[in-house]
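Just entry-v5.cif here, mmCIF, C-alpha atoms:
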```
data_work
#
loop_
_atom_site.group_PDB
_atom_site.id
_atom_site.type_symbol
_atom_site.label_atom_id
_atom_site.label_comp_id
_atom_site.auth_asym_id
_atom_site.auth_seq_id
_atom_site.Cartn_x
_atom_site.Cartn_y
_atom_site.Cartn_z
ATOM 1 C CA MET A 2 0.000 0.000 0.000
ATOM 2 C CA ILE A 3 2.832 2.400 0.872
ATOM 3 C CA ASN A 4 4.617 1.608 -2.387
ATOM 4 C CA GLN A 5 1.439 2.339 -4.337
ATOM 5 C CA GLU A 6 1.207 5.713 -2.631
ATOM 6 C CA VAL A 7 4.798 6.709 -3.299
ATOM 7 C CA ALA A 8 5.016 5.458 -6.879
ATOM 8 C CA LEU A 9 6.120 8.160 -9.321
ATOM 9 C CA SER A 10 4.294 8.738 -12.567
ATOM 10 C CA ASP A 11 6.152 9.084 -15.845
ATOM 11 C CA ASN A 12 5.608 12.835 -15.807
ATOM 12 C CA GLU A 13 6.694 13.530 -12.231
ATOM 13 C CA ASN A 14 10.159 14.006 -10.811
ATOM 14 C CA PHE A 15 8.989 13.924 -7.218
ATOM 15 C CA TYR A 16 5.992 12.439 -5.492
ATOM 16 C CA LYS A 17 3.772 15.012 -3.833
ATOM 17 C CA GLY A 18 3.943 13.188 -0.501
ATOM 18 C CA PHE A 19 1.389 11.757 1.925
ATOM 19 C CA THR A 20 0.353 11.905 5.583
ATOM 20 C CA ILE A 21 0.106 8.992 7.997
ATOM 21 C CA ASN A 22 -3.604 9.624 8.366
ATOM 22 C CA GLN A 23 -4.115 9.335 4.606
ATOM 23 C CA LEU A 24 -2.492 5.906 4.607
ATOM 24 C CA PHE A 25 -4.599 4.830 7.578
ATOM 25 C CA GLU A 26 -7.783 5.839 5.771
ATOM 26 C CA LYS A 27 -6.711 3.988 2.615
ATOM 27 C CA LEU A 28 -5.880 0.912 4.685
ATOM 28 C CA LEU A 29 -9.433 0.727 6.028
ATOM 29 C CA ASP A 30 -11.088 2.385 3.032
ATOM 30 C CA PHE A 31 -13.072 5.082 4.843
ATOM 31 C CA ASP A 32 -12.661 8.698 5.845
ATOM 32 C CA LYS A 33 -14.453 11.366 7.862
ATOM 33 C CA TYR A 34 -16.951 12.030 5.080
ATOM 34 C CA ASP A 35 -18.129 8.410 5.166
ATOM 35 C CA ILE A 36 -18.540 8.691 8.948
ATOM 36 C CA GLU A 37 -20.544 11.897 8.582
ATOM 37 C CA ASN A 38 -22.847 10.444 5.925
ATOM 38 C CA ILE A 39 -23.593 7.279 7.894
ATOM 39 C CA ALA A 40 -24.147 9.281 11.098
ATOM 40 C CA LYS A 41 -26.699 11.497 9.336
ATOM 41 C CA GLU A 42 -28.479 8.433 7.967
ATOM 42 C CA GLU A 43 -28.596 6.628 11.321
ATOM 43 C CA VAL A 44 -29.904 9.681 13.186
ATOM 44 C CA SER A 45 -32.710 9.952 10.654
ATOM 45 C CA ILE A 46 -33.870 6.311 10.911
ATOM 46 C CA HIS A 47 -32.787 4.827 14.263
ATOM 47 C CA ARG A 48 -35.608 4.934 16.835
ATOM 48 C CA ILE A 49 -33.348 5.866 19.741
ATOM 49 C CA PHE A 50 -32.669 9.131 17.896
ATOM 50 C CA THR A 51 -35.962 9.773 16.090
ATOM 51 C CA LEU A 52 -37.980 9.324 19.296
ATOM 52 C CA SER A 53 -35.683 11.428 21.464
ATOM 53 C CA GLY A 54 -37.240 14.797 20.712
ATOM 54 C CA ASN A 55 -33.702 16.197 20.575
ATOM 55 C CA ASP A 56 -32.268 18.426 17.902
ATOM 56 C CA ALA A 57 -31.194 16.033 15.121
ATOM 57 C CA GLU A 58 -27.971 17.990 14.662
ATOM 58 C CA ASP A 59 -27.004 17.445 18.305
ATOM 59 C CA ASP A 60 -27.608 13.706 18.055
ATOM 60 C CA TYR A 61 -25.658 13.668 14.784
ATOM 61 C CA TYR A 62 -22.642 15.217 16.505
ATOM 62 C CA GLY A 63 -23.089 12.864 19.442
ATOM 63 C CA LEU A 64 -23.126 9.749 17.271
ATOM 64 C CA LYS A 65 -20.242 10.957 15.126
ATOM 65 C CA GLU A 66 -18.059 11.631 18.135
ATOM 66 C CA THR A 67 -18.969 8.299 19.712
ATOM 67 C CA VAL A 68 -17.862 6.483 16.565
ATOM 68 C CA ASN A 69 -14.697 8.520 16.243
ATOM 69 C CA ASN A 70 -13.738 7.827 19.828
ATOM 70 C CA LEU A 71 -13.899 4.085 19.143
ATOM 71 C CA ILE A 72 -11.727 4.608 16.067
ATOM 72 C CA ARG A 73 -9.238 6.636 18.085
ATOM 73 C CA ASN A 74 -8.890 3.820 20.615
ATOM 74 C CA GLN A 75 -7.601 1.554 17.822
ATOM 75 C CA LYS A 76 -6.077 3.997 15.354
ATOM 76 C CA LYS A 77 -2.751 4.469 17.094
ATOM 77 C CA ILE A 78 -1.967 0.762 16.737
ATOM 78 C CA TYR A 79 -2.290 0.975 12.961
ATOM 79 C CA THR A 80 -0.630 4.359 12.427
ATOM 80 C CA SER A 81 2.307 3.216 14.587
ATOM 81 C CA LEU A 82 2.767 0.172 12.348
ATOM 82 C CA ILE A 83 2.677 2.393 9.262
ATOM 83 C CA GLU A 84 5.283 4.745 10.758
ATOM 84 C CA LYS A 85 7.414 1.756 11.753
ATOM 85 C CA GLU A 86 7.595 0.700 8.101
ATOM 86 C CA ILE A 87 8.273 4.226 6.890
ATOM 87 C CA LYS A 88 11.157 4.626 9.336
ATOM 88 C CA LYS A 89 12.888 1.677 7.682
ATOM 89 C CA THR A 90 13.063 3.610 4.425
ATOM 90 C CA ASN A 91 14.941 6.546 3.012
ATOM 91 C CA HIS A 92 12.477 9.426 3.398
ATOM 92 C CA ASN A 93 12.086 13.020 4.486
ATOM 93 C CA ILE A 94 9.392 15.007 6.272
ATOM 94 C CA SER A 95 8.087 18.453 5.382
ATOM 95 C CA TYR A 96 5.936 20.647 7.610
ATOM 96 C CA LEU A 97 3.300 22.618 5.724
ATOM 97 C CA ASP A 98 0.565 25.042 6.687
ATOM 98 C CA SER A 99 -2.953 25.306 5.260
ATOM 99 C CA ASN A 100 -1.663 27.727 2.620
ATOM 100 C CA LYS A 101 0.788 24.997 1.508
ATOM 101 C CA ASN A 102 3.733 27.075 2.645
ATOM 102 C CA GLU A 103 6.584 25.179 4.286
ATOM 103 C CA ILE A 104 7.201 25.912 7.964
ATOM 104 C CA ASP A 105 9.925 24.668 10.302
ATOM 105 C CA GLU A 106 9.407 21.840 12.783
ATOM 106 C CA GLU A 107 9.602 24.196 15.778
ATOM 107 C CA THR A 108 6.746 26.336 14.431
ATOM 108 C CA TYR A 109 4.715 23.208 13.741
ATOM 109 C CA GLN A 110 5.158 21.895 17.284
ATOM 110 C CA GLU A 111 4.394 25.292 18.819
ATOM 111 C CA TYR A 112 1.244 25.647 16.701
ATOM 112 C CA PHE A 113 0.046 22.150 17.448
ATOM 113 C CA ASN A 114 0.519 22.462 21.202
ATOM 114 C CA PHE A 115 -1.223 25.841 21.151
ATOM 115 C CA LYS A 116 -4.226 24.464 19.278
ATOM 116 C CA LYS A 117 -4.538 21.386 21.467
ATOM 117 C CA LEU A 118 -4.303 23.374 24.704
ATOM 118 C CA LEU A 119 -6.767 26.027 23.539
ATOM 119 C CA THR A 120 -9.238 23.380 22.355
ATOM 120 C CA LYS A 121 -9.132 21.639 25.717
ATOM 121 C CA GLU A 122 -9.532 24.902 27.654
ATOM 122 C CA LEU A 123 -12.571 25.924 25.623
ATOM 123 C CA LYS A 124 -14.167 22.509 26.064
ATOM 124 C CA VAL A 125 -13.643 22.554 29.820
ATOM 125 C CA LYS A 126 -15.213 26.007 29.989
ATOM 126 C CA ASN A 127 -18.120 24.899 27.794
ATOM 127 C CA ASN A 128 -18.697 21.790 29.907
ATOM 128 C CA LYS A 129 -18.836 23.877 33.074
ATOM 129 C CA GLU A 130 -21.429 26.091 31.406
ATOM 130 C CA LYS A 131 -23.443 22.997 30.491
ATOM 131 C CA GLU A 132 -23.296 21.714 34.052
ATOM 132 C CA LEU A 133 -24.396 25.050 35.464
ATOM 133 C CA LYS A 134 -27.190 25.364 32.908
ATOM 134 C CA ASN A 135 -28.409 21.893 33.867
ATOM 135 C CA GLN A 136 -28.459 22.903 37.539
ATOM 136 C CA TYR A 137 -30.463 26.030 36.717
ATOM 137 C CA PHE A 138 -32.895 23.958 34.653
ATOM 138 C CA LYS A 139 -33.462 21.456 37.463
ATOM 139 C CA ALA A 140 -34.057 24.309 39.887
ATOM 140 C CA GLY A 141 -36.683 25.827 37.581
ATOM 141 C CA MET A 142 -34.554 28.917 36.886
ATOM 142 C CA SER A 143 -34.121 30.675 33.563
ATOM 143 C CA THR A 144 -31.343 29.336 31.323
ATOM 144 C CA LYS A 145 -31.684 31.792 28.427
ATOM 145 C CA ASP A 146 -28.422 33.619 29.262
ATOM 146 C CA PHE A 147 -26.232 30.542 28.897
ATOM 147 C CA ASP A 148 -24.192 30.391 25.703
ATOM 148 C CA ILE A 149 -23.525 26.697 25.127
ATOM 149 C CA LYS A 150 -21.494 26.024 21.984
ATOM 150 C CA ASN A 151 -21.661 22.919 19.833
ATOM 151 C CA GLU A 152 -18.608 21.220 18.377
ATOM 152 C CA ALA A 153 -18.567 23.230 15.143
ATOM 153 C CA GLN A 154 -18.776 26.542 17.017
ATOM 154 C CA LEU A 155 -15.902 25.569 19.294
ATOM 155 C CA LEU A 156 -13.746 24.552 16.358
ATOM 156 C CA LYS A 157 -14.442 27.815 14.563
ATOM 157 C CA GLU A 158 -13.367 29.704 17.669
ATOM 158 C CA VAL A 159 -10.132 27.712 17.817
ATOM 159 C CA ASP A 160 -9.506 28.194 14.090
ATOM 160 C CA SER A 161 -9.952 31.925 14.486
ATOM 161 C CA ALA A 162 -7.423 32.059 17.325
ATOM 162 C CA VAL A 163 -4.916 29.965 15.363
ATOM 163 C CA SER A 164 -5.310 32.120 12.264
ATOM 164 C CA GLU A 165 -4.822 35.291 14.283
ATOM 165 C CA LYS A 166 -1.673 33.958 15.951
ATOM 166 C CA TYR A 167 0.001 32.127 13.081
ATOM 167 C CA GLY A 168 -1.607 33.377 9.887
ATOM 168 C CA PHE A 169 -2.839 29.909 8.849
ATOM 169 C CA LYS A 170 -5.705 27.616 9.910
ATOM 170 C CA TYR A 171 -3.842 24.309 10.333
ATOM 171 C CA ALA A 172 -0.542 22.551 9.623
ATOM 172 C CA TYR A 173 0.497 18.985 8.869
ATOM 173 C CA ARG A 174 3.425 16.634 8.265
ATOM 174 C CA LEU A 175 4.067 15.516 4.699
ATOM 175 C CA PHE A 176 6.165 12.374 4.133
ATOM 176 C CA LYS A 177 8.152 11.805 0.955
ATOM 177 C CA MET A 178 9.717 8.428 0.207
ATOM 178 C CA ILE A 179 13.011 8.244 -1.628
ATOM 179 C CA ASP A 180 13.009 4.467 -2.096
ATOM 180 C CA GLU A 181 10.368 1.771 -2.193
ATOM 181 C CA VAL A 182 9.582 -0.266 0.895
ATOM 182 C CA GLU A 183 11.038 -3.773 0.687
ATOM 183 C CA ILE A 184 8.541 -6.416 1.788
ATOM 184 C CA ASN A 185 8.482 -10.177 2.170
ATOM 185 C CA GLY A 186 5.291 -11.851 1.038
ATOM 186 C CA LYS A 187 1.948 -10.167 0.568
ATOM 187 C CA GLY A 188 -0.584 -9.269 3.225
ATOM 188 C CA ASP A 189 -4.343 -9.615 3.063
ATOM 189 C CA ILE A 190 -5.956 -6.199 3.458
ATOM 190 C CA ASN A 191 -9.342 -7.821 4.058
ATOM 191 C CA LEU A 192 -7.945 -9.553 7.138
ATOM 192 C CA VAL A 193 -6.616 -6.206 8.358
ATOM 193 C CA ARG A 194 -10.083 -4.684 8.031
ATOM 194 C CA GLU A 195 -11.682 -7.694 9.696
ATOM 195 C CA ASN A 196 -9.258 -7.422 12.582
ATOM 196 C CA PHE A 197 -10.072 -3.726 12.967
ATOM 197 C CA PHE A 198 -13.798 -4.506 12.967
ATOM 198 C CA ASN A 199 -13.290 -7.161 15.650
ATOM 199 C CA ARG A 200 -11.317 -4.817 17.875
ATOM 200 C CA ILE A 201 -13.963 -2.130 17.574
ATOM 201 C CA LEU A 202 -16.717 -4.493 18.682
ATOM 202 C CA LYS A 203 -14.630 -5.827 21.562
ATOM 203 C CA ASN A 204 -14.196 -2.249 22.764
ATOM 204 C CA ALA A 205 -17.925 -1.625 22.403
ATOM 205 C CA ASN A 206 -18.763 -4.840 24.274
ATOM 206 C CA PHE A 207 -16.426 -3.870 27.095
ATOM 207 C CA SER A 208 -17.964 -0.398 27.453
ATOM 208 C CA GLN A 209 -21.534 -1.687 27.398
ATOM 209 C CA SER A 210 -20.775 -4.432 29.928
ATOM 210 C CA LYS A 211 -19.868 -1.769 32.498
ATOM 211 C CA HIS A 212 -23.454 -0.461 32.579
ATOM 212 C CA GLU A 213 -26.600 -2.165 33.771
ATOM 213 C CA LYS A 214 -29.496 -2.058 31.359
ATOM 214 C CA LYS A 215 -32.156 0.495 32.324
ATOM 215 C CA GLN A 216 -35.802 -0.237 31.695
ATOM 216 C CA GLU A 217 -36.551 3.234 30.348
ATOM 217 C CA ILE A 218 -34.471 5.326 27.987
ATOM 218 C CA ASN A 219 -33.478 8.733 29.300
ATOM 219 C CA TYR A 220 -33.506 10.834 26.130
ATOM 220 C CA SER A 221 -31.845 13.764 27.896
ATOM 221 C CA GLU A 222 -28.620 11.778 28.215
ATOM 222 C CA THR A 223 -25.750 12.077 25.766
ATOM 223 C CA VAL A 224 -25.703 9.704 22.812
ATOM 224 C CA PHE A 225 -23.072 7.453 24.369
ATOM 225 C CA TYR A 226 -24.858 7.066 27.718
ATOM 226 C CA ARG A 227 -28.224 6.692 26.017
ATOM 227 C CA LEU A 228 -26.853 3.779 23.990
ATOM 228 C CA VAL A 229 -24.973 1.972 26.761
ATOM 229 C CA HIS A 230 -27.776 2.407 29.321
ATOM 230 C CA SER A 231 -30.288 0.934 26.874
ATOM 231 C CA HIS A 232 -27.770 -1.766 25.822
ATOM 232 C CA GLN A 233 -28.084 -0.706 22.189
ATOM 233 C CA TYR A 234 -24.474 0.481 21.989
ATOM 234 C CA VAL A 235 -22.937 -2.732 20.617
ATOM 235 C CA GLY A 236 -25.712 -3.244 18.078
ATOM 236 C CA CYS A 237 -25.553 0.364 16.914
ATOM 237 C CA MET A 238 -21.758 0.290 16.558
ATOM 238 C CA LYS A 239 -21.861 -3.067 14.735
ATOM 239 C CA LEU A 240 -24.373 -1.674 12.261
ATOM 240 C CA PHE A 241 -22.384 1.553 11.835
ATOM 241 C CA PHE A 242 -19.003 -0.113 11.240
ATOM 242 C CA THR A 243 -20.493 -2.765 8.971
ATOM 243 C CA LYS A 244 -21.602 0.082 6.707
ATOM 244 C CA LEU A 245 -18.358 1.992 7.214
ATOM 245 C CA ILE A 246 -15.852 -0.693 6.231
ATOM 246 C CA ASP A 247 -18.242 -2.922 4.276
ATOM 247 C CA ILE A 248 -17.380 -6.052 6.211
ATOM 248 C CA GLU A 249 -19.144 -8.103 8.834
ATOM 249 C CA SER A 250 -16.753 -10.240 10.853
ATOM 250 C CA LYS A 251 -17.641 -13.700 12.113
ATOM 251 C CA LEU A 252 -14.501 -13.969 14.205
ATOM 252 C CA ILE A 253 -15.300 -11.673 17.119
ATOM 253 C CA ASP A 254 -14.281 -14.272 19.702
ATOM 254 C CA GLU A 255 -11.144 -15.294 17.854
ATOM 255 C CA VAL A 256 -9.214 -12.014 17.901
ATOM 256 C CA GLU A 257 -5.927 -12.485 19.676
ATOM 257 C CA GLU A 258 -5.845 -10.550 22.925
ATOM 258 C CA ASP A 259 -3.293 -7.762 23.142
ATOM 259 C CA SER A 260 -2.605 -6.797 26.751
ATOM 260 C CA GLU A 261 -0.997 -3.472 25.841
ATOM 261 C CA GLU A 262 -3.890 -2.585 23.524
ATOM 262 C CA LEU A 263 -6.417 -3.569 26.201
ATOM 263 C CA GLN A 264 -4.741 -1.395 28.812
ATOM 264 C CA ARG A 265 -4.617 1.489 26.357
ATOM 265 C CA HIS A 266 -8.324 1.068 25.771
ATOM 266 C CA LEU A 267 -9.044 0.942 29.509
ATOM 267 C CA ASP A 268 -7.055 4.154 29.988
ATOM 268 C CA ASN A 269 -9.019 5.829 27.187
ATOM 269 C CA VAL A 270 -12.310 4.723 28.716
ATOM 270 C CA GLU A 271 -11.341 6.085 32.124
ATOM 271 C CA GLU A 272 -10.277 9.403 30.618
ATOM 272 C CA TYR A 273 -13.507 9.612 28.673
ATOM 273 C CA MET A 274 -15.689 8.739 31.635
ATOM 274 C CA ALA A 275 -13.983 11.369 33.776
ATOM 275 C CA GLU A 276 -14.588 14.075 31.178
ATOM 276 C CA GLN A 277 -18.170 13.044 30.527
ATOM 277 C CA ARG A 278 -19.290 13.094 34.144
ATOM 278 C CA LEU A 279 -19.541 16.848 33.703
ATOM 279 C CA THR A 280 -22.067 16.473 30.885
ATOM 280 C CA GLN A 281 -23.710 13.135 31.623
ATOM 281 C CA GLU A 282 -27.214 14.548 31.422
ATOM 282 C CA GLU A 283 -26.548 16.880 28.532
ATOM 283 C CA GLU A 284 -26.635 16.343 24.784
ATOM 284 C CA PHE A 285 -23.123 16.106 23.455
ATOM 285 C CA TYR A 286 -21.049 14.556 20.742
ATOM 286 C CA ASP A 287 -18.651 11.610 21.559
ATOM 287 C CA GLN A 288 -16.918 9.476 24.122
ATOM 288 C CA ASP A 289 -13.917 11.720 24.229
ATOM 289 C CA ILE A 290 -15.895 14.833 23.443
ATOM 290 C CA TYR A 291 -14.456 14.201 20.126
ATOM 291 C CA PHE A 292 -11.034 14.643 19.948
ATOM 292 C CA ASP A 293 -14.551 14.104 17.821
ATOM 293 C CA VAL A 294 -10.753 12.381 15.067
ATOM 294 C CA GLU A 295 -10.810 14.563 11.040
ATOM 295 C CA ARG A 296 -8.216 14.161 8.325
ATOM 296 C CA MET A 297 -4.626 15.482 8.623
ATOM 297 C CA LEU A 298 -4.381 16.842 5.129
ATOM 298 C CA TYR A 299 -7.232 19.045 3.951
ATOM 299 C CA ASP A 300 -7.877 20.044 0.409
ATOM 300 C CA GLN A 301 -6.826 23.656 -0.024
ATOM 301 C CA GLN A 302 -10.372 24.760 -0.727
ATOM 302 C CA ALA A 303 -12.051 22.558 1.888
ATOM 303 C CA GLN A 304 -14.260 24.402 4.339
ATOM 304 C CA GLU A 305 -14.601 21.488 6.775
ATOM 305 C CA TYR A 306 -13.256 21.809 10.291
ATOM 306 C CA MET A 307 -10.966 19.280 11.933
ATOM 307 C CA THR A 308 -12.337 17.528 14.994
ATOM 308 C CA ASP A 309 -10.706 17.359 18.389
ATOM 309 C CA GLU A 310 -9.984 13.688 18.024
ATOM 310 C CA GLU A 311 -8.021 14.327 14.866
ATOM 311 C CA TRP A 312 -5.939 16.930 16.668
ATOM 312 C CA GLU A 313 -5.312 14.376 19.388
ATOM 313 C CA GLU A 314 -4.140 11.815 16.827
ATOM 314 C CA ARG A 315 -1.831 14.324 15.173
ATOM 315 C CA TYR A 316 -0.384 15.287 18.532
ATOM 316 C CA LEU A 317 0.292 11.653 19.432
ATOM 317 C CA GLU A 318 1.916 11.035 16.072
ATOM 318 C CA LEU A 319 4.206 14.002 16.564
ATOM 319 C CA LEU A 320 5.302 12.791 19.983
ATOM 320 C CA SER A 321 5.938 9.243 18.814
ATOM 321 C CA TYR A 322 8.038 10.108 15.768
#
```
Is it possible to give me this structure as structure tokens?
Amino acid sequence: MINQEVALSDNENFYKGFTINQLFEKLLDFDKYDIENIAKEEVSIHRIFTLSGNDAEDDYYGLKETVNNLIRNQKKIYTSLIEKEIKKTNHNISYLDSNKNEIDEETYQEYFNFKKLLTKELKVKNNKEKELKNQYFKAGMSTKDFDIKNEAQLLKEVDSAVSEKYGFKYAYRLFKMIDEVEINGKGDINLVRENFFNRILKNANFSQSKHEKKQEINYSETVFYRLVHSHQYVGCMKLFFTKLIDIESKLIDEVEEDSEELQRHLDNVEEYMAEQRLTQEEEFYDQDIYFDVERMLYDQQAQEYMTDEEWEERYLELLSY
């Protein structure tokens, strides 16, 4: 797969380069746009959403972030393997901004840390506002003066701050291979996708098993809690990922256990649960409040905004390289 990406055409002297996230998406054959489309479809037809009485857009963000958090729990395993192969080769790394201007590594790291910290600060502030608004609502007091922002509004605020400070909206790492990757044998990409599917469902099963099934659905809860408390989480995620990667595994119980991966998942769950206690009874987006994971390299004209989860992945990749 890497060799296919770095292959030069007859009319090119140099390959344009690629990001780790691009290779990850090609490996599993989906991207953020597929996730968004499926999330919109599910919110429009699934009874746990259509009967909620909630704003469909809020449930859409909630489902999208829930899915992306599951992906994030597994993604690092696969991106680390991709980077491991790349490191064996003769390659170089460029750091580019959203205007496709090259920047130095120090500027990239400073920008990335600034964006991550600001995003987290704004989310903490927003969560506190949600908690206070919920308290006012329960006490029968007016809540009209509370300004609760959704994910898109928060990201726009972060983008504005980044643009003001650095003069660009985002930055990314671009890898260029000098030589082909030497490989022994040929892998089966369908088995890779099946393995990913299995890991996702094991994560979902683990999360759901930690919650007792409630007889009545509390539609005021976040999407994640609504699903796990009604024990529809595993079924919903199985349906979602079957559509997303176009594969339905029959080997759920045969996936080899990975103790390091399991502990990493447990740590992610604990971090998520701690953050979500602040907004347990509010409508929200995902299990990690979506560090709600979107692609590292944007098209120059794209108007989409990168999710928190994607910034988290980029940050982890930077630290691990």
Apply the PyMOL selection byres ((chain A and resi 84) around 12) to the file shown and report the selected residues as a list in words.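 That expression, the PyMOL selection byres ((chain A and resi 84) around 12), corresponds here to Ile3, Phe19, Thr20, Ile21, Asn22, Leu24, Phe25, Lys77, Ile78, Tyr79, Thr80, Ser81, Leu82, Ile83, Lys85, Glu86, Ile87, Lys88, Lys89, Thr90, His92, Ile94, Phe176, Val182, Glu318, Leu319, Ser321 and Tyr322 of chain A.
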Measure the distance from atom CA of A:Phe198 to atom CA of A:Phe242 in Å and round it to one decimal. 7.0 Å
May I have the residues within 9 Å of A:Lys214 as a short mmCIF file (atom, residue, chain, number, x, y, z; two decimals) with C-alpha atoms, keeping the file's coordinate frame, using all atoms listed in the file and disregarding those fewer than 6 positions away in the same chain?
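Result went into part_29.cif, see below:
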```cif
data_model
loop_
_atom_site.label_atom_id
_atom_site.label_comp_id
_atom_site.auth_asym_id
_atom_site.auth_seq_id
_atom_site.Cartn_x
_atom_site.Cartn_y
_atom_site.Cartn_z
CA VAL A 229 -24.97 1.97 26.76
CA HIS A 230 -27.78 2.41 29.32
CA SER A 231 -30.29 0.93 26.87
CA HIS A 232 -27.77 -1.77 25.82
#
```
Could you state the separation of atom CA of A:Glu122 and atom CA of A:Ser221 in Å, given to one decimal place?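 It comes out at 24.9 Å.
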Selection: 10 Å around stretch 208-210 of chain A, all atoms listed in the file, excl. self and same-chain fewer than 5 positions, as a PyMOL selection string: chain A and resi 202-203+225-226+228-235+266-267+270
Would you export the selected residues with C-alpha atoms as an mmCIF file, in the coordinates of the input, please?
```
data_model
loop_
_atom_site.group_PDB
_atom_site.id
_atom_site.type_symbol
_atom_site.label_atom_id
_atom_site.label_comp_id
_atom_site.auth_asym_id
_atom_site.auth_seq_id
_atom_site.Cartn_x
_atom_site.Cartn_y
_atom_site.Cartn_z
ATOM 1 C CA LEU A 202 -16.717 -4.493 18.682
ATOM 2 C CA LYS A 203 -14.630 -5.827 21.562
ATOM 3 C CA PHE A 225 -23.072 7.453 24.369
ATOM 4 C CA TYR A 226 -24.858 7.066 27.718
ATOM 5 C CA LEU A 228 -26.853 3.779 23.990
ATOM 6 C CA VAL A 229 -24.973 1.972 26.761
ATOM 7 C CA HIS A 230 -27.776 2.407 29.321
ATOM 8 C CA SER A 231 -30.288 0.934 26.874
ATOM 9 C CA HIS A 232 -27.770 -1.766 25.822
ATOM 10 C CA GLN A 233 -28.084 -0.706 22.189
ATOM 11 C CA TYR A 234 -24.474 0.481 21.989
ATOM 12 C CA VAL A 235 -22.937 -2.732 20.617
ATOM 13 C CA HIS A 266 -8.324 1.068 25.771
ATOM 14 C CA LEU A 267 -9.044 0.942 29.509
ATOM 15 C CA VAL A 270 -12.310 4.723 28.716
#
```
Each side padded by 6 Å, which centre and which edge lengths in Å (one decimal) define the axis-aligned box around the listed atoms of stretch 17-28 of chain A? Give them as lines of an AutoDock Vina configuration file.
```
center_x = -1.9
center_y = 8.0
center_z = 2.3
size_x = 23.7
size_y = 26.1
size_z = 24.2
```
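Closest approach to A:Asn93 among A:Lys211, A:Asp180, A:Leu240, A:Phe197 is made by A:Asp180 (distances from only C-alpha atoms).
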Which stretch 110-178 of chain A residues have any atom within 10 Å of an atom of stretch 48-68 of chain A, and for each, what is the nearest pair of atoms with distance in Å to one decimal, counting all atoms listed in the file, rows sorted by chain and number, as CSV?
```
residue,atom,partner,partner_atom,distance
A:Asn151,CA,A:Asp59,CA,7.8
A:Glu152,CA,A:Tyr62,CA,7.5
A:Ala153,CA,A:Tyr62,CA,9.1
```
Quick one: distance from atom CA of A:Ser143 to atom CA of A:Lys126 in Å, one decimal?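 Going from atom CA of A:Ser143 over to atom CA of A:Lys126, I get 19.8 Å.
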Among listed residues A:Thr144, A:Thr120, A:Gln136, A:Thr223, nearest A:Val159 (using all atoms listed in the file):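 Of A:Thr144, A:Thr120, A:Gln136, A:Thr223, the one nearest A:Val159 is A:Thr120, counting all atoms listed in the file.
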List as a PyMOL selection string the protein and nucleic acid residues near stretch 105-110 of chain A, meaning an atom at most 12 Å away when all atoms listed in the file are counted, but skip any in the same chain fewer than 2 places from it. chain A and resi 94-99+102-103+112-117+163+166-175+315-320
Expected answer as a PyMOL selection string: all residues with atoms within 10 Å of (-26.3, 30.3, 29.1), only C-alpha atoms: chain A and resi 127+130-131+133-135+137+143-150
Of the candidates A:Leu119, A:Ile246, A:Val125, A:Val224, which one gets nearest to A:Asp160 if we count only C-alpha atoms?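 Between A:Leu119, A:Ile246, A:Val125, A:Val224, the residue approaching A:Asp160 most closely is A:Leu119.
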For A:Arg73, which residue among A:Arg200, A:Lys239, A:His212, A:Lys187 is the nearest when counting all atoms listed in the file? A:Arg200
